[in-house]
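Student: This is the structure, below, for whatever I ask next.
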Number of protein chains: 2
Amino acid sequence: MGAFVFDIQASEGQARTGVLRTPRGDIPTPAFMPVGTAGAVKALTMDQVRATGARIILGNTVHLMLRPGAERVARLGGLHRFGGWEGPILTDSGGFQVMSLSKLTRISEEAAVFASPIDGSRHILSPERSIQIQADLLGSDIVMQLDECVAWPATEARAAEALRLSARWGARGKAVFGERENQALFGIQQGSTFETLRRESSDRLLETGYDGYAIGGLAVGEGHEGMCEVLDYAPGLLPADRPRYLMGVGKPIDLVEAVARGVDMFDCVLPTRAGRHGQAWTWEGPVNLKSARLAEDESPLAADIDCVASNGYSKAYLHHLVKSQEILAQVMLSWHNLAFYQALMARMREAIVQGRFTAFRSAFRAGLRPATVQA
Amino acid sequence: MGAFVFDIQASEGQARTGVLRTPRGDIPTPAFMPVGTAGAVKALTMDQVRATGARIILGNTVHLMLRPGAERVARLGGLHRFGGWEGPILTDSGGFQVMSLSKLTRISEEAAVFASPIDGSRHILSPERSIQIQADLLGSDIVMQLDECVAWPATEARAAEALRLSARWGARGKAVFGERENQALFGIQQGSTFETLRRESSDRLLETGYDGYAIGGLAVGEGHEGMCEVLDYAPGLLPADRPRYLMGVGKPIDLVEAVARGVDMFDCVLPTRAGRHGQAWTWEGPVNLKSARLAEDESPLAADIDCVASNGYSKAYLHHLVKSQEILAQVMLSWHNLAFYQALMARMREAIVQGRFTAFRSAFRAGLRPATVQA
């Protein structure tokens, strides 16, 4: 695992806080990773992303291999230099994207074959090619194994088939990746909503051995309660001394409940996607900036968050930007939402250190301001 | 004119450089004002706009009176507070917009009556109401008189009619505006491409007396050469000791040629509009970021401009953002273009102070880097 030491500094129940150390910088956990699908976090500059407190961002293998092309990114100096992000980058392997992007995807033992949504051209993504793209061409810091992610609901037989293929693909990827000093490889637990399959998947991951472990196949339609049921056991099947990453999750309440169950890392397009559609997350819940009720609301989205999009403008102004279809509305709300997510993670870390995460969680569920909890 | 002292510090031929002092800050001239049509400079945060070196921005009376409404902006503390811009703001009177926004506009001696492009509702803009909106409701620092802007080409009779109505409207506006310590009122010269009419218009403006003088009715289709022909005489018809503002202009070469003819202030949507469409202005001329020739071009748009959009990213990355239709492409290119415009103004000011504006102008025309000129 090289430099990827994971220092757990405090815990409360299953929740834990610590630091994942990487050659490109420390990542305080629990951590939320903004999604930079195509080499850019949508609508935001990297300086704005950094200012929210984000210490690691995510890139997508499939998007980047299709455009501008992985070899091209390599010729341009790798993904960090290309996109202007000096901190650590985790790249998704492409397993989820080939499933969701294309109805023409065919999966065999050897590889996934899929059609580009850009121009229909045919592409092959094997476990080995995924590692090559991520580790050698993009220059990712945390590389994800290629997996097969099944849709929800799945039969137990279908879910078992997919997790076993994922396990074999993971081992093939590991063989190519080898041991590296400055890059980490994460395995992905699958098994849909079946505990026996999640257990089998975890056992197979441990046989291969990874630097960190992701929980895949959630946030695919099972809902908050369904996800929490899986998270009641799934993180505990993974090594306690390595980071656990819940892929593609989620809403603020999902993050709080997953942290309570032992998850350390997250990524999700929700804060930026919701922001582009006029929705802001606040301590009191989501706010629809299209609402005419806000037309003369002089309060900011979050006075206690140190981001100009959160504390520097009235809801009335943001409402006006949304109604006027200004690009700045998308910028401001994406920015605020990321700042809100980072503030939420920071408060969870602080609450765990101070032994009051249980109270924080109850208060958050009840829609109280954290200030109320701290009082 | 209150605080609006205009210090001309150096001149070379007709070109001059100085400072227009306002209660909200000094404006070095020649100055370019980014356009914040609806309370926002499109795609950019006010911090980004300020970082380019802009010291004054423009707002639009008609856009703001229609949405969110001038009285609403007033209730929310005025335009500066609403939009988060602490520096001076110049507001356009609405004359140009009622002409360009709506085919249903009817102009009488009393007022312009027009239909909202948002919902078709009927609105009346009189010279007095325009002043009230700008000076009292939005809280503008530099208020423009309401004028009638004729399309190009115009007959001499039509242009004469419009300039005379504009002169009467200007006097009515001045009567309402009165004398103010902390706000300035600018009159607008009209007269299309007819020197006798431009002279008549200027004489009428001087009879009323304003704090500054704009040249209106250009950049409406007459072309660069046609505009330069008018600018060969139009600025000289206006008082030499007051700022001269060329409305709605223009391309970089237009700015250089207008400064050479004695213009002090400009506004134009071109840098942000072109940026949203993938075009960047550089010292070597316009660059189309859609071009596949740039796919692996590692050079930035302008290494010598201190803006991350100008010097922090490769053309290859910006090309990728444009091709991927990332919002960030629109942000980055709008931002760079404004930074380029501000850099151009700063270099013109410096060249005039140093007595080498004539050389700068020749070199710029020839497409040389200013560095070459300075050497």
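Naming works like this for the structure tokens: A, B, ... for the chains as they're shown, residue 1 at the start of each chain, ligands 1 onward in shown order.
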Can you give chain B as a short mmCIF file (atom, residue, chain, number, x, y, z; two decimals) with C-alpha atoms, in the first residue's frame after you superpose it on chain A, pairing all C-alpha atoms in order for the least-squares fit?

Tutor:
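Below is the file out-v5.cif, written as the result:
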data_model
loop_
_atom_site.label_atom_id
_atom_site.label_comp_id
_atom_site.auth_asym_id
_atom_site.auth_seq_id
_atom_site.Cartn_x
_atom_site.Cartn_y
_atom_site.Cartn_z
CA MET B 1 0.03 0.00 0.03
CA GLY B 2 3.03 2.29 0.00
CA ALA B 3 2.27 5.73 1.32
CA PHE B 4 -1.43 5.10 1.84
CA VAL B 5 -1.33 4.82 5.61
CA PHE B 6 -4.79 5.07 7.17
CA ASP B 7 -4.69 6.57 10.68
CA ILE B 8 -7.95 6.09 12.53
CA GLN B 9 -7.88 8.74 15.23
CA ALA B 10 -11.22 8.33 17.00
CA SER B 11 -14.34 6.24 16.80
CA GLU B 12 -17.82 6.22 18.28
CA GLY B 13 -19.86 3.09 17.74
CA GLN B 14 -19.11 2.04 14.17
CA ALA B 15 -18.33 5.63 13.13
CA ARG B 16 -14.69 6.53 12.87
CA THR B 17 -12.58 9.51 11.89
CA GLY B 18 -8.98 9.67 10.77
CA VAL B 19 -6.65 10.56 7.96
CA LEU B 20 -5.80 8.69 4.78
CA ARG B 21 -2.26 9.76 3.91
CA THR B 22 -1.39 9.96 0.22
CA PRO B 23 1.69 11.20 -1.63
CA ARG B 24 -0.40 14.15 -2.87
CA GLY B 25 -1.77 15.11 0.52
CA ASP B 26 -3.72 13.96 3.55
CA ILE B 27 -7.42 13.22 3.31
CA PRO B 28 -9.35 13.67 6.58
CA THR B 29 -12.06 11.01 6.84
CA PRO B 30 -14.99 10.62 6.63
CA ALA B 31 -14.38 12.35 3.28
CA PHE B 32 -16.67 13.44 0.47
CA MET B 33 -15.13 13.43 -3.01
CA PRO B 34 -16.63 15.87 -5.55
CA VAL B 35 -17.13 14.21 -8.92
CA GLY B 36 -15.00 15.54 -11.76
CA THR B 37 -16.46 13.27 -14.40
CA ALA B 38 -14.62 14.55 -17.46
CA GLY B 39 -11.64 16.27 -15.86
CA ALA B 40 -13.78 19.07 -14.40
CA VAL B 41 -16.15 19.31 -11.44
CA LYS B 42 -19.20 20.56 -13.28
CA ALA B 43 -19.58 24.37 -13.32
CA LEU B 44 -16.70 24.97 -10.89
CA THR B 45 -13.06 25.91 -11.06
CA MET B 46 -10.64 23.70 -9.18
CA ASP B 47 -9.85 26.68 -6.92
CA GLN B 48 -13.52 26.88 -5.98
CA VAL B 49 -13.62 23.14 -5.31
CA ARG B 50 -10.48 23.33 -3.17
CA ALA B 51 -11.89 26.29 -1.24
CA THR B 52 -14.86 24.20 -0.12
CA GLY B 53 -12.45 21.99 1.79
CA ALA B 54 -12.40 19.08 -0.67
CA ARG B 55 -9.05 17.26 -0.49
CA ILE B 56 -9.66 14.57 -3.12
CA ILE B 57 -11.78 14.50 -6.27
CA LEU B 58 -13.02 11.70 -8.47
CA GLY B 59 -12.50 11.20 -12.21
CA ASN B 60 -14.25 8.76 -14.53
CA THR B 61 -12.31 6.25 -16.57
CA VAL B 62 -14.99 5.75 -19.19
CA HIS B 63 -15.70 9.44 -19.79
CA LEU B 64 -12.01 10.26 -20.06
CA MET B 65 -11.13 7.26 -22.27
CA LEU B 66 -13.83 8.37 -24.71
CA ARG B 67 -12.95 12.08 -24.55
CA PRO B 68 -10.27 13.36 -24.71
CA GLY B 69 -8.81 9.81 -24.66
CA ALA B 70 -6.59 8.24 -22.03
CA GLU B 71 -3.44 8.26 -24.20
CA ARG B 72 -4.06 11.95 -24.96
CA VAL B 73 -4.35 12.78 -21.24
CA ALA B 74 -1.08 10.89 -20.73
CA ARG B 75 0.65 12.89 -23.48
CA LEU B 76 -0.63 16.07 -21.81
CA GLY B 77 1.05 15.11 -18.55
CA GLY B 78 -1.67 13.11 -16.80
CA LEU B 79 -4.99 13.99 -15.25
CA HIS B 80 -3.66 16.15 -12.40
CA ARG B 81 -1.78 18.45 -14.72
CA PHE B 82 -4.47 18.39 -17.42
CA GLY B 83 -7.27 19.44 -15.09
CA GLY B 84 -5.27 21.54 -12.67
CA TRP B 85 -5.88 19.53 -9.49
CA GLU B 86 -2.74 18.93 -7.45
CA GLY B 87 -4.33 16.88 -4.68
CA PRO B 88 -5.16 13.19 -4.82
CA ILE B 89 -7.56 11.85 -7.45
CA LEU B 90 -9.56 8.65 -7.24
CA THR B 91 -10.70 7.23 -10.56
CA ASP B 92 -13.73 5.09 -11.03
CA SER B 93 -12.97 1.95 -12.99
CA GLY B 94 -15.77 2.29 -15.49
CA GLY B 95 -17.84 -0.68 -14.35
CA PHE B 96 -20.80 1.43 -13.30
CA GLN B 97 -20.56 3.71 -16.35
CA VAL B 98 -20.51 0.98 -19.00
CA MET B 99 -23.68 -0.35 -17.38
CA SER B 100 -25.43 3.01 -17.14
CA LEU B 101 -24.17 4.78 -20.25
CA SER B 102 -24.98 2.26 -22.90
CA LYS B 103 -27.73 -0.23 -23.59
CA LEU B 104 -25.42 -1.91 -26.04
CA THR B 105 -22.93 -3.10 -23.42
CA ARG B 106 -22.01 -6.76 -23.62
CA ILE B 107 -20.09 -8.33 -20.77
CA SER B 108 -18.00 -11.47 -21.17
CA GLU B 109 -15.43 -13.15 -18.97
CA GLU B 110 -12.79 -11.24 -20.87
CA ALA B 111 -14.11 -7.69 -20.86
CA ALA B 112 -16.98 -5.22 -21.22
CA VAL B 113 -17.68 -4.16 -24.80
CA PHE B 114 -19.72 -0.99 -25.11
CA ALA B 115 -20.72 1.76 -27.51
CA SER B 116 -19.64 5.36 -26.99
CA PRO B 117 -22.61 7.61 -26.25
CA ILE B 118 -20.68 10.37 -28.05
CA ASP B 119 -20.32 8.77 -31.48
CA GLY B 120 -21.47 5.15 -31.21
CA SER B 121 -17.93 3.83 -31.66
CA ARG B 122 -17.14 0.42 -30.11
CA HIS B 123 -14.83 0.20 -27.11
CA ILE B 124 -13.43 -2.63 -25.03
CA LEU B 125 -12.76 -2.27 -21.33
CA SER B 126 -10.98 -5.20 -19.72
CA PRO B 127 -9.83 -5.36 -16.09
CA GLU B 128 -6.25 -4.91 -17.30
CA ARG B 129 -7.08 -1.98 -19.60
CA SER B 130 -9.01 -0.25 -16.82
CA ILE B 131 -5.95 -0.45 -14.56
CA GLN B 132 -3.67 0.71 -17.37
CA ILE B 133 -5.88 3.73 -18.07
CA GLN B 134 -6.26 4.71 -14.45
CA ALA B 135 -2.82 3.98 -13.06
CA ASP B 136 -0.51 4.51 -16.03
CA LEU B 137 -2.27 6.94 -18.39
CA LEU B 138 -4.42 9.17 -16.18
CA GLY B 139 -1.99 8.80 -13.26
CA SER B 140 -4.69 8.29 -10.65
CA ASP B 141 -3.76 8.13 -6.97
CA ILE B 142 -6.49 5.69 -6.01
CA VAL B 143 -7.36 3.15 -8.69
CA MET B 144 -10.59 1.16 -8.59
CA GLN B 145 -10.84 -2.41 -9.83
CA LEU B 146 -13.16 -3.04 -12.77
CA ASP B 147 -16.37 -4.58 -11.50
CA GLU B 148 -19.75 -5.60 -12.82
CA CYS B 149 -22.48 -3.59 -11.14
CA VAL B 150 -25.92 -5.19 -11.41
CA ALA B 151 -29.12 -3.21 -11.59
CA TRP B 152 -31.59 -3.25 -8.71
CA PRO B 153 -33.55 -5.33 -8.00
CA ALA B 154 -31.43 -8.34 -8.98
CA THR B 155 -32.08 -12.03 -8.41
CA GLU B 156 -29.68 -13.76 -6.06
CA ALA B 157 -28.35 -15.85 -8.95
CA ARG B 158 -27.67 -12.77 -11.08
CA ALA B 159 -26.05 -10.91 -8.18
CA ALA B 160 -23.86 -13.93 -7.38
CA GLU B 161 -22.74 -14.22 -10.99
CA ALA B 162 -21.77 -10.52 -11.07
CA LEU B 163 -19.88 -10.56 -7.78
CA ARG B 164 -17.91 -13.62 -8.86
CA LEU B 165 -17.00 -12.06 -12.19
CA SER B 166 -16.05 -8.88 -10.29
CA ALA B 167 -13.84 -10.94 -7.97
CA ARG B 168 -12.06 -12.55 -10.91
CA TRP B 169 -11.70 -9.18 -12.66
CA GLY B 170 -10.35 -7.69 -9.46
CA ALA B 171 -7.66 -10.38 -9.20
CA ARG B 172 -6.69 -9.82 -12.85
CA GLY B 173 -6.44 -6.09 -12.20
CA LYS B 174 -4.34 -6.64 -9.09
CA ALA B 175 -1.95 -8.83 -11.08
CA VAL B 176 -1.38 -5.95 -13.52
CA PHE B 177 -1.27 -3.29 -10.81
CA GLY B 178 1.16 -5.21 -8.62
CA GLU B 179 2.54 -3.39 -5.62
CA ARG B 180 3.07 0.35 -6.01
CA GLU B 181 4.61 2.84 -3.63
CA ASN B 182 2.64 5.91 -4.76
CA GLN B 183 -0.68 4.55 -5.96
CA ALA B 184 -3.36 2.54 -4.20
CA LEU B 185 -5.75 -0.07 -5.59
CA PHE B 186 -9.22 -0.50 -4.09
CA GLY B 187 -11.39 -3.57 -4.50
CA ILE B 188 -15.18 -3.34 -4.76
CA GLN B 189 -17.64 -5.39 -2.73
CA GLN B 190 -20.75 -6.41 -4.68
CA GLY B 191 -23.64 -8.74 -3.87
CA SER B 192 -26.66 -6.47 -4.20
CA THR B 193 -28.90 -6.67 -1.13
CA PHE B 194 -27.93 -10.26 -0.19
CA GLU B 195 -25.88 -10.56 2.99
CA THR B 196 -24.47 -13.98 2.06
CA LEU B 197 -23.29 -12.57 -1.25
CA ARG B 198 -21.78 -9.46 0.33
CA ARG B 199 -19.91 -11.83 2.67
CA GLU B 200 -18.73 -14.00 -0.20
CA SER B 201 -17.63 -10.89 -2.10
CA SER B 202 -15.68 -9.60 0.89
CA ASP B 203 -13.97 -12.94 1.36
CA ARG B 204 -12.90 -12.92 -2.28
CA LEU B 205 -11.61 -9.34 -1.97
CA LEU B 206 -9.53 -10.27 1.07
CA GLU B 207 -8.04 -13.22 -0.79
CA THR B 208 -6.72 -10.83 -3.41
CA GLY B 209 -5.87 -8.06 -0.97
CA TYR B 210 -6.34 -4.37 -1.68
CA ASP B 211 -5.25 -1.03 -0.21
CA GLY B 212 -8.87 -0.07 0.45
CA TYR B 213 -12.34 -1.46 -0.05
CA ALA B 214 -15.39 -0.01 -1.70
CA ILE B 215 -19.02 -0.94 -1.26
CA GLY B 216 -20.53 -0.96 -4.75
CA GLY B 217 -23.96 -1.72 -6.12
CA LEU B 218 -25.86 0.62 -3.81
CA ALA B 219 -27.67 3.88 -4.60
CA VAL B 220 -29.10 2.11 -7.64
CA GLY B 221 -32.75 2.33 -6.65
CA GLU B 222 -33.00 0.46 -3.35
CA GLY B 223 -33.76 3.67 -1.42
CA HIS B 224 -32.43 5.07 1.85
CA GLU B 225 -33.90 2.34 4.03
CA GLY B 226 -32.79 -0.41 1.67
CA MET B 227 -29.30 1.04 1.60
CA CYS B 228 -29.16 1.32 5.39
CA GLU B 229 -30.18 -2.32 5.73
CA VAL B 230 -27.18 -3.38 3.63
CA LEU B 231 -24.92 -0.96 5.48
CA ASP B 232 -25.97 -2.54 8.77
CA TYR B 233 -23.64 -5.43 7.86
CA ALA B 234 -21.63 -4.64 4.70
CA PRO B 235 -18.91 -2.35 6.14
CA GLY B 236 -18.26 -4.80 8.97
CA LEU B 237 -17.41 -7.50 6.43
CA LEU B 238 -14.44 -5.38 5.28
CA PRO B 239 -11.14 -4.90 7.15
CA ALA B 240 -11.49 -2.38 9.95
CA ASP B 241 -8.01 -0.98 9.41
CA ARG B 242 -8.48 0.05 5.77
CA PRO B 243 -10.65 2.82 4.30
CA ARG B 244 -14.18 1.88 3.29
CA TYR B 245 -15.64 3.77 0.38
CA LEU B 246 -19.38 3.80 -0.37
CA MET B 247 -19.65 4.47 -4.09
CA GLY B 248 -22.11 6.99 -5.58
CA VAL B 249 -23.73 8.05 -2.27
CA GLY B 250 -25.58 10.29 -1.63
CA LYS B 251 -27.96 12.68 0.05
CA PRO B 252 -26.78 14.32 3.29
CA ILE B 253 -28.85 11.94 5.39
CA ASP B 254 -27.32 8.99 3.51
CA LEU B 255 -23.85 10.25 4.41
CA VAL B 256 -24.69 10.62 8.09
CA GLU B 257 -26.25 7.16 8.29
CA ALA B 258 -23.39 5.55 6.37
CA VAL B 259 -20.77 7.20 8.60
CA ALA B 260 -22.71 5.87 11.59
CA ARG B 261 -22.23 2.40 10.05
CA GLY B 262 -18.48 2.69 9.53
CA VAL B 263 -18.03 4.21 6.04
CA ASP B 264 -15.03 6.52 5.47
CA MET B 265 -15.32 7.83 1.90
CA PHE B 266 -18.06 8.93 -0.45
CA ASP B 267 -18.62 10.37 -3.90
CA CYS B 268 -21.81 11.58 -5.53
CA VAL B 269 -22.91 13.85 -8.37
CA LEU B 270 -25.91 14.97 -6.32
CA PRO B 271 -24.54 18.26 -4.91
CA THR B 272 -23.48 19.54 -8.33
CA ARG B 273 -26.39 18.04 -10.25
CA ALA B 274 -28.96 19.39 -7.79
CA GLY B 275 -27.18 22.75 -7.89
CA ARG B 276 -27.50 22.91 -11.66
CA HIS B 277 -31.22 22.36 -11.23
CA GLY B 278 -31.81 25.08 -8.67
CA GLN B 279 -31.71 23.00 -5.50
CA ALA B 280 -29.57 23.85 -2.49
CA TRP B 281 -28.92 21.67 0.56
CA THR B 282 -29.05 23.42 3.92
CA TRP B 283 -29.01 22.47 7.59
CA GLU B 284 -32.80 22.72 7.47
CA GLY B 285 -33.06 20.44 4.42
CA PRO B 286 -33.25 21.05 0.67
CA VAL B 287 -34.31 24.48 -0.63
CA ASN B 288 -35.79 24.96 -4.09
CA LEU B 289 -34.43 28.30 -5.30
CA LYS B 290 -37.10 28.48 -7.99
CA SER B 291 -39.68 29.13 -5.30
CA ALA B 292 -41.32 32.56 -5.51
CA ARG B 293 -41.45 32.53 -1.69
CA LEU B 294 -37.74 33.36 -1.74
CA ALA B 295 -38.02 36.41 -4.02
CA GLU B 296 -37.36 38.81 -1.16
CA ASP B 297 -35.65 36.50 1.31
CA GLU B 298 -32.52 38.34 2.42
CA SER B 299 -31.01 35.41 4.32
CA PRO B 300 -28.07 33.47 2.86
CA LEU B 301 -28.16 29.71 2.33
CA ALA B 302 -25.82 29.08 5.26
CA ALA B 303 -24.36 31.99 7.21
CA ASP B 304 -22.01 29.63 9.07
CA ILE B 305 -20.31 28.17 5.97
CA ASP B 306 -17.21 30.04 4.81
CA CYS B 307 -18.00 30.10 1.08
CA VAL B 308 -19.25 33.19 -0.73
CA ALA B 309 -21.97 31.13 -2.43
CA SER B 310 -23.19 30.00 1.00
CA ASN B 311 -22.86 33.17 3.07
CA GLY B 312 -22.31 36.04 0.62
CA TYR B 313 -25.60 36.30 -1.26
CA SER B 314 -29.26 36.43 -0.33
CA LYS B 315 -31.65 33.69 -1.32
CA ALA B 316 -33.49 36.49 -3.15
CA TYR B 317 -30.47 37.05 -5.39
CA LEU B 318 -29.95 33.32 -6.00
CA HIS B 319 -33.65 32.99 -6.77
CA HIS B 320 -33.28 35.83 -9.28
CA LEU B 321 -30.29 34.10 -10.92
CA VAL B 322 -32.22 30.83 -11.22
CA LYS B 323 -35.30 32.57 -12.64
CA SER B 324 -33.10 34.49 -15.09
CA GLN B 325 -31.40 31.24 -16.14
CA GLU B 326 -28.02 32.77 -15.44
CA ILE B 327 -25.10 30.34 -15.66
CA LEU B 328 -24.00 31.91 -12.39
CA ALA B 329 -27.00 30.26 -10.72
CA GLN B 330 -25.58 26.86 -11.61
CA VAL B 331 -22.13 27.94 -10.45
CA MET B 332 -23.34 29.38 -7.14
CA LEU B 333 -25.61 26.49 -6.20
CA SER B 334 -23.10 23.80 -7.21
CA TRP B 335 -20.48 25.66 -5.20
CA HIS B 336 -22.68 26.08 -2.14
CA ASN B 337 -23.78 22.45 -2.23
CA LEU B 338 -20.19 21.21 -2.32
CA ALA B 339 -19.31 23.60 0.51
CA PHE B 340 -22.30 22.30 2.45
CA TYR B 341 -21.25 18.69 1.90
CA GLN B 342 -17.71 19.48 3.04
CA ALA B 343 -19.03 21.33 6.09
CA LEU B 344 -21.21 18.32 6.91
CA MET B 345 -18.20 15.98 6.69
CA ALA B 346 -16.10 18.33 8.84
CA ARG B 347 -18.80 18.44 11.49
CA MET B 348 -19.13 14.69 11.51
CA ARG B 349 -15.36 14.34 11.94
CA GLU B 350 -15.41 16.85 14.77
CA ALA B 351 -18.39 15.18 16.43
CA ILE B 352 -16.69 11.77 16.36
CA VAL B 353 -13.49 13.21 17.85
CA GLN B 354 -15.53 14.85 20.59
CA GLY B 355 -17.64 11.76 21.29
CA ARG B 356 -20.93 13.38 20.37
CA PHE B 357 -21.60 11.86 16.96
CA THR B 358 -24.68 10.03 18.23
CA ALA B 359 -26.18 13.34 19.33
CA PHE B 360 -25.17 15.00 16.05
CA ARG B 361 -26.83 12.21 14.08
CA SER B 362 -30.08 12.47 16.05
CA ALA B 363 -30.15 16.24 15.70
CA PHE B 364 -29.36 16.10 11.99
CA ARG B 365 -32.16 13.62 11.45
CA ALA B 366 -34.49 15.97 13.29
CA GLY B 367 -33.44 18.83 11.03
CA LEU B 368 -31.78 20.89 13.73
CA ARG B 369 -28.86 23.18 13.12
CA PRO B 370 -25.55 21.66 14.28
CA ALA B 371 -25.13 24.82 16.36
CA THR B 372 -28.04 23.60 18.44
CA VAL B 373 -26.30 20.30 18.93
CA GLN B 374 -23.07 21.93 19.95
CA ALA B 375 -24.73 24.18 22.52
#

Student: Could you pull out the strand (DSSP E) residues of stretch 69-268 of chain B, going by DSSP on the backbone, and write them as a ChimeraX atom specification?

Tutor: /B:89-92,106-107,112-115,122-125,142-144,184-189,212-215,244-246,265-267

Student: Can you list, as an MDAnalysis selection string, every residue of stretch 176-228 of chain B that DSSP puts in alpha helix (DSSP H)?

Tutor: chainID B and resid 176:177 195:208 223:228
